[in-house]
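S.K.: Following this message is one structure expressed as structure tokens.
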Amino acid sequence: MSAWYTGYAFFGRWARQEMLLDPDDVAAGHVTRFRRASADRVVRSRKPAHPEIISAEDFTAVQLSRRSRAAGGLDARRKLERGPKATKWTYAFRGRVRCDHCMRKMEGTPRDTRIYYRCAARPLVPGSPALADHPKNIYLPEAALMDPLNSYIHHAFSEEQRDATVEAMLGVAGDVNVNPRRMADAQRRLTQAKTRLARLTQAIEAGADLEALIEPLNRAREERDAAAEELARTPAGSELGRADVEALVDSLGDAGRQVLSASPARLQELYEEIGLELVYNAKERMVDVTIRPPRRVSTRVRGASRALTTRLQLAS
């Protein structure tokens, strides 16, 4: 895609060169060749010279996306979000575990007869904040998480725990409420990242060298995406009443009864039904668990946004 589509005029993109037609015969004369000039020789108009086809911001975003894909960077969404692949193994937590360091989905990987979920630092953008303290590889054993998690789900949606779960999803139980400081911090980081992106885009529109700004643009976009993802995973308040939440909890009772004896394939379905989300902190061996049932789980509960959260400590 040409930068000309942004509406600005560009000068000096091609350099004229006089070359000998035959290096061994000077008398044969010269021939004119045009070669692409280096980036520091190109000049762009400060004001638009014609109607734009695409905005400078969109053009920059597309160029960064293309370059980051080529470099294996975090901005390539198809690499950031590891997609499902055909495999003979059944991963119960497939697509549900994120790494606390970089917030990317961890990929399932077998070792002998055991299953692990791994997050590798290699695909991260060099110099990115997430890479600063990210171990080379992070592994979460599926067996270490399976029993404590399923026991929690079974207990949370049991008949004897029903009222406490309803209170927790209504926000009455303080130990499962959203941390307001963390949510405010994520919102602050999102605002700052958007501000930096806007300033960098303005600098590019004013004529700054795109090559010099690629790395700060990548970092700002990475921070923006990470903060937006954290806010998206944060349970939001809703106007649901107690009767609606009670109906929601009751509708999940059957899933709670099945998790202790279900096969890995069935567990995938049950986790989808309850809207299970997991974030693994390898340093502390802690897993943040969020249960956010999708809207279709109950015909009485439409647009449900209540969530149940807890933190599980894994055995060493």
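Simple scheme: letters A, B, ... for chains in structure tokens order, numbers from 1 for residues in each chain, numbers from 1 for ligands in the order shown.
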Give me the residues within 12 Å of Tyr152 (chain A) as a list in words, counting only C-alpha atoms and dropping any in the same chain fewer than 4 places off.

M.R.: Leu145, Met146, Asp147, Pro148, Ala156, Phe157, Ser158, Gln161, Thr165, Gly256, Arg257, Val259, Leu260, Val289, Thr290, Ile291, Leu308, Thr309, Thr310, Arg311, Leu312 and Gln313 of chain A

S.K.: Near Thr113 (chain A), within 12 Å and counting only C-alpha atoms, which residues show up once chain neighbours fewer than 4 positions away are dropped, as an MDAnalysis selection string?

M.R.: chainID A and resid 89:90 109 141:143

S.K.: Which residues of region 185-281 of chain A come within 10 Å of region 118-129 of chain A, and what is each one's closest atom pair and distance in Å (one decimal), counting only C-alpha atoms, sorted by chain and residue number, as CSV?

M.R.:
```
residue,atom,partner,partner_atom,distance
A:Glu215,CA,A:Gly127,CA,8.3
A:Pro216,CA,A:Ser128,CA,9.3
A:Asn218,CA,A:Val125,CA,8.0
A:Arg219,CA,A:Ser128,CA,5.8
A:Ala220,CA,A:Ser128,CA,9.2
A:Glu222,CA,A:Ser128,CA,7.8
A:Glu223,CA,A:Pro129,CA,8.1
```

S.K.: Could you write those residues out with N, CA, C and O atoms, as an mmCIF file, in the first residue's frame?

M.R.:
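Generated file (again23.cif):
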```
data_model
loop_
_atom_site.group_PDB
_atom_site.id
_atom_site.type_symbol
_atom_site.label_atom_id
_atom_site.label_comp_id
_atom_site.auth_asym_id
_atom_site.auth_seq_id
_atom_site.Cartn_x
_atom_site.Cartn_y
_atom_site.Cartn_z
ATOM 1 N N GLU A 215 9.358 1.163 16.785
ATOM 2 C CA GLU A 215 9.494 0.493 18.071
ATOM 3 C C GLU A 215 8.616 1.121 19.158
ATOM 4 O O GLU A 215 7.882 0.414 19.855
ATOM 5 N N PRO A 216 8.634 2.477 19.341
ATOM 6 C CA PRO A 216 7.717 3.057 20.343
ATOM 7 C C PRO A 216 6.247 2.861 20.000
ATOM 8 O O PRO A 216 5.416 2.699 20.895
ATOM 9 N N ASN A 218 5.053 0.195 18.446
ATOM 10 C CA ASN A 218 4.784 -1.199 18.807
ATOM 11 C C ASN A 218 4.571 -1.347 20.312
ATOM 12 O O ASN A 218 3.655 -2.039 20.760
ATOM 13 N N ARG A 219 5.409 -0.691 21.102
ATOM 14 C CA ARG A 219 5.280 -0.783 22.559
ATOM 15 C C ARG A 219 3.970 -0.173 23.023
ATOM 16 O O ARG A 219 3.287 -0.722 23.897
ATOM 17 N N ALA A 220 3.619 0.984 22.464
ATOM 18 C CA ALA A 220 2.381 1.648 22.872
ATOM 19 C C ALA A 220 1.165 0.805 22.500
ATOM 20 O O ALA A 220 0.216 0.680 23.283
ATOM 21 N N GLU A 222 1.136 -2.437 22.110
ATOM 22 C CA GLU A 222 1.151 -3.627 22.962
ATOM 23 C C GLU A 222 0.569 -3.311 24.339
ATOM 24 O O GLU A 222 -0.243 -4.072 24.879
ATOM 25 N N GLU A 223 0.967 -2.177 24.927
ATOM 26 C CA GLU A 223 0.450 -1.782 26.236
ATOM 27 C C GLU A 223 -1.043 -1.483 26.165
ATOM 28 O O GLU A 223 -1.796 -1.811 27.083
#
```

S.K.: Hey, can you check how far CA of Leu231 (chain A) sits from CA of Asp288 (chain A)?

M.R.: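 Distance reported for this atom pair: 14.6 Å.
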
S.K.: Residues near Leu190 (chain A), anyone? I mean within 12 Å using only C-alpha atoms, not counting same-chain ones fewer than 6 positions away, as an MDAnalysis selection string.

M.R.: chainID A and resid 183:184 196:197 220:232

S.K.: Between A:Gln268, A:Glu160, A:Gly171, A:Thr195, which one has atoms that come closest to Asp250 (chain A), using only C-alpha atoms?

M.R.: A:Glu160

S.K.: Restricting the calculation to only C-alpha atoms, which member of A:Ala255, A:His101, A:Arg114, A:Ile54 is positioned closest to Ala132 (chain A)?

M.R.: A:His101

S.K.: Which residues are near region 201-211 of chain A? Cut-off 12 Å, only C-alpha atoms, ignore same chain within fewer than 4 positions. Put them as an MDAnalysis selection string.

M.R.: chainID A and resid 3 6:10 38:48 55:61 63:64 67 194:197 215:218 220:221

S.K.: Name all residues at most 7 Å from region 105-107 of chain A (count only C-alpha atoms; drop same-chain ones fewer than 2 positions away) and give them as a VMD selection string.

M.R.: chain A and resid 81 to 82 95 97 to 99 103 109 117 to 119

S.K.: Kindly save the residues from that selection, with N, CA and C atoms included, as a CSV table (one decimal), in the first residue's frame.

M.R.:
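The file below, result_20.csv, is the result:
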```csv
chain,number,residue,atom,x,y,z
A,81,GLU,N,-3.0,-14.4,19.7
A,81,GLU,CA,-4.0,-15.4,20.2
A,81,GLU,C,-3.7,-16.7,19.5
A,82,ARG,N,-3.1,-17.6,20.1
A,82,ARG,CA,-2.8,-18.9,19.5
A,82,ARG,C,-4.1,-19.6,19.2
A,95,GLY,N,-7.4,-22.9,25.3
A,95,GLY,CA,-7.8,-21.5,25.0
A,95,GLY,C,-8.3,-20.8,26.2
A,97,VAL,N,-6.4,-20.5,29.4
A,97,VAL,CA,-5.4,-20.1,30.3
A,97,VAL,C,-4.5,-19.0,29.7
A,98,ARG,N,-4.4,-17.9,30.4
A,98,ARG,CA,-3.5,-16.8,30.0
A,98,ARG,C,-2.3,-16.7,31.0
A,99,CYS,N,-1.2,-16.2,30.4
A,99,CYS,CA,0.0,-16.0,31.2
A,99,CYS,C,-0.1,-14.6,31.9
A,103,MET,N,-0.2,-11.8,29.3
A,103,MET,CA,-1.7,-12.0,29.0
A,103,MET,C,-2.0,-12.7,27.7
A,109,THR,N,0.8,-28.4,25.5
A,109,THR,CA,1.9,-29.2,25.0
A,109,THR,C,2.1,-30.5,25.8
A,117,TYR,N,0.6,-26.5,29.9
A,117,TYR,CA,0.3,-25.3,29.2
A,117,TYR,C,1.5,-24.4,29.2
A,118,ARG,N,2.0,-24.0,28.1
A,118,ARG,CA,3.2,-23.3,28.0
A,118,ARG,C,3.1,-21.9,27.4
A,119,CYS,N,3.9,-21.0,27.9
A,119,CYS,CA,4.0,-19.6,27.3
A,119,CYS,C,5.5,-19.4,27.1
```

S.K.: Please run DSSP on the backbone and report, as a VMD selection string, all residues within region 25-233 of chain A that come out as strand (DSSP E).

M.R.: chain A and resid 30 to 36 43 to 44 97 to 99 107 to 111 114 to 120 137 to 141

S.K.: Please produce an output containing N, CA, C and O atoms for each residue in the selection, written as an mmCIF file, in the first residue's frame.

M.R.:
```cif
data_model
loop_
_atom_site.group_PDB
_atom_site.id
_atom_site.type_symbol
_atom_site.label_atom_id
_atom_site.label_comp_id
_atom_site.auth_asym_id
_atom_site.auth_seq_id
_atom_site.Cartn_x
_atom_site.Cartn_y
_atom_site.Cartn_z
ATOM 1 N N HIS A 30 26.211 7.138 -21.722
ATOM 2 C CA HIS A 30 25.549 6.887 -20.440
ATOM 3 C C HIS A 30 24.068 6.542 -20.644
ATOM 4 O O HIS A 30 23.487 6.838 -21.683
ATOM 5 N N VAL A 31 23.492 5.970 -19.620
ATOM 6 C CA VAL A 31 22.065 5.680 -19.603
ATOM 7 C C VAL A 31 21.500 6.132 -18.259
ATOM 8 O O VAL A 31 22.188 6.063 -17.229
ATOM 9 N N THR A 32 20.304 6.651 -18.267
ATOM 10 C CA THR A 32 19.679 7.155 -17.040
ATOM 11 C C THR A 32 18.866 6.059 -16.368
ATOM 12 O O THR A 32 18.059 5.383 -17.022
ATOM 13 N N ARG A 33 19.091 5.867 -15.044
ATOM 14 C CA ARG A 33 18.343 4.891 -14.254
ATOM 15 C C ARG A 33 17.752 5.596 -13.033
ATOM 16 O O ARG A 33 18.339 6.516 -12.483
ATOM 17 N N PHE A 34 16.587 5.157 -12.638
ATOM 18 C CA PHE A 34 15.949 5.678 -11.428
ATOM 19 C C PHE A 34 15.898 4.562 -10.380
ATOM 20 O O PHE A 34 15.397 3.469 -10.644
ATOM 21 N N ARG A 35 16.423 4.878 -9.215
ATOM 22 C CA ARG A 35 16.437 3.914 -8.123
ATOM 23 C C ARG A 35 15.717 4.498 -6.909
ATOM 24 O O ARG A 35 15.705 5.718 -6.712
ATOM 25 N N ARG A 36 15.141 3.614 -6.101
ATOM 26 C CA ARG A 36 14.413 4.072 -4.910
ATOM 27 C C ARG A 36 15.388 4.719 -3.930
ATOM 28 O O ARG A 36 16.420 4.135 -3.586
ATOM 29 N N VAL A 43 10.832 13.450 1.212
ATOM 30 C CA VAL A 43 10.200 14.611 1.843
ATOM 31 C C VAL A 43 8.700 14.517 1.629
ATOM 32 O O VAL A 43 8.239 14.220 0.526
ATOM 33 N N ARG A 44 7.952 14.795 2.706
ATOM 34 C CA ARG A 44 6.497 14.752 2.611
ATOM 35 C C ARG A 44 5.920 16.120 2.888
ATOM 36 O O ARG A 44 6.434 16.864 3.739
ATOM 37 N N VAL A 97 -6.415 -20.510 29.403
ATOM 38 C CA VAL A 97 -5.370 -20.112 30.346
ATOM 39 C C VAL A 97 -4.514 -19.015 29.722
ATOM 40 O O VAL A 97 -3.998 -19.171 28.613
ATOM 41 N N ARG A 98 -4.352 -17.916 30.450
ATOM 42 C CA ARG A 98 -3.481 -16.826 30.009
ATOM 43 C C ARG A 98 -2.299 -16.686 30.957
ATOM 44 O O ARG A 98 -2.394 -16.992 32.137
ATOM 45 N N CYS A 99 -1.217 -16.193 30.411
ATOM 46 C CA CYS A 99 -0.003 -15.964 31.189
ATOM 47 C C CYS A 99 -0.101 -14.612 31.888
ATOM 48 O O CYS A 99 -0.443 -13.595 31.266
ATOM 49 N N GLU A 107 -0.348 -22.232 25.362
ATOM 50 C CA GLU A 107 -0.635 -23.317 24.431
ATOM 51 C C GLU A 107 -0.414 -24.669 25.095
ATOM 52 O O GLU A 107 0.516 -24.848 25.886
ATOM 53 N N GLY A 108 -1.268 -25.622 24.770
ATOM 54 C CA GLY A 108 -1.127 -26.964 25.305
ATOM 55 C C GLY A 108 0.037 -27.691 24.668
ATOM 56 O O GLY A 108 0.253 -27.592 23.454
ATOM 57 N N THR A 109 0.795 -28.413 25.485
ATOM 58 C CA THR A 109 1.926 -29.178 24.983
ATOM 59 C C THR A 109 2.085 -30.457 25.795
ATOM 60 O O THR A 109 2.094 -30.405 27.032
ATOM 61 N N PRO A 110 2.161 -31.612 25.163
ATOM 62 C CA PRO A 110 2.299 -32.883 25.897
ATOM 63 C C PRO A 110 3.758 -33.218 26.174
ATOM 64 O O PRO A 110 4.653 -32.878 25.389
ATOM 65 N N ARG A 111 3.979 -33.881 27.283
ATOM 66 C CA ARG A 111 5.298 -34.437 27.616
ATOM 67 C C ARG A 111 5.083 -35.830 28.174
ATOM 68 O O ARG A 111 4.513 -35.962 29.264
ATOM 69 N N ARG A 114 1.880 -36.709 30.169
ATOM 70 C CA ARG A 114 1.333 -35.567 30.895
ATOM 71 C C ARG A 114 1.112 -34.379 29.965
ATOM 72 O O ARG A 114 1.778 -34.254 28.940
ATOM 73 N N ILE A 115 0.191 -33.521 30.349
ATOM 74 C CA ILE A 115 -0.134 -32.334 29.557
ATOM 75 C C ILE A 115 0.263 -31.083 30.334
ATOM 76 O O ILE A 115 -0.021 -30.954 31.535
ATOM 77 N N TYR A 116 0.895 -30.147 29.629
ATOM 78 C CA TYR A 116 1.279 -28.863 30.205
ATOM 79 C C TYR A 116 0.715 -27.746 29.330
ATOM 80 O O TYR A 116 0.380 -27.960 28.162
ATOM 81 N N TYR A 117 0.642 -26.548 29.912
ATOM 82 C CA TYR A 117 0.294 -25.344 29.158
ATOM 83 C C TYR A 117 1.503 -24.424 29.232
ATOM 84 O O TYR A 117 2.012 -24.126 30.316
ATOM 85 N N ARG A 118 1.980 -24.001 28.065
ATOM 86 C CA ARG A 118 3.244 -23.292 27.978
ATOM 87 C C ARG A 118 3.066 -21.893 27.404
ATOM 88 O O ARG A 118 2.251 -21.663 26.519
ATOM 89 N N CYS A 119 3.877 -20.962 27.912
ATOM 90 C CA CYS A 119 3.981 -19.616 27.331
ATOM 91 C C CYS A 119 5.458 -19.352 27.088
ATOM 92 O O CYS A 119 6.253 -19.295 28.039
ATOM 93 N N ALA A 120 5.846 -19.198 25.838
ATOM 94 C CA ALA A 120 7.241 -18.966 25.466
ATOM 95 C C ALA A 120 7.477 -17.481 25.238
ATOM 96 O O ALA A 120 6.640 -16.777 24.668
ATOM 97 N N ASN A 137 10.501 -19.871 29.252
ATOM 98 C CA ASN A 137 9.307 -20.696 29.093
ATOM 99 C C ASN A 137 8.591 -20.796 30.439
ATOM 100 O O ASN A 137 9.241 -20.915 31.482
ATOM 101 N N ILE A 138 7.278 -20.725 30.404
ATOM 102 C CA ILE A 138 6.457 -20.913 31.594
ATOM 103 C C ILE A 138 5.588 -22.137 31.358
ATOM 104 O O ILE A 138 4.935 -22.243 30.311
ATOM 105 N N TYR A 139 5.580 -23.042 32.323
ATOM 106 C CA TYR A 139 4.808 -24.276 32.196
ATOM 107 C C TYR A 139 3.804 -24.395 33.340
ATOM 108 O O TYR A 139 4.145 -24.146 34.499
ATOM 109 N N LEU A 140 2.589 -24.755 32.986
ATOM 110 C CA LEU A 140 1.545 -25.041 33.970
ATOM 111 C C LEU A 140 1.083 -26.481 33.768
ATOM 112 O O LEU A 140 0.493 -26.803 32.729
ATOM 113 N N PRO A 141 1.342 -27.383 34.730
ATOM 114 C CA PRO A 141 0.874 -28.769 34.593
ATOM 115 C C PRO A 141 -0.652 -28.836 34.714
ATOM 116 O O PRO A 141 -1.229 -28.288 35.653
#
```

S.K.: If you run DSSP on the backbone here, which positions in region 102-214 of chain A get helix (DSSP H, G or I)? Please write them as a ChimeraX atom specification.

M.R.: /A:129-132,142-156,162-170,174-176,180-205,210-214
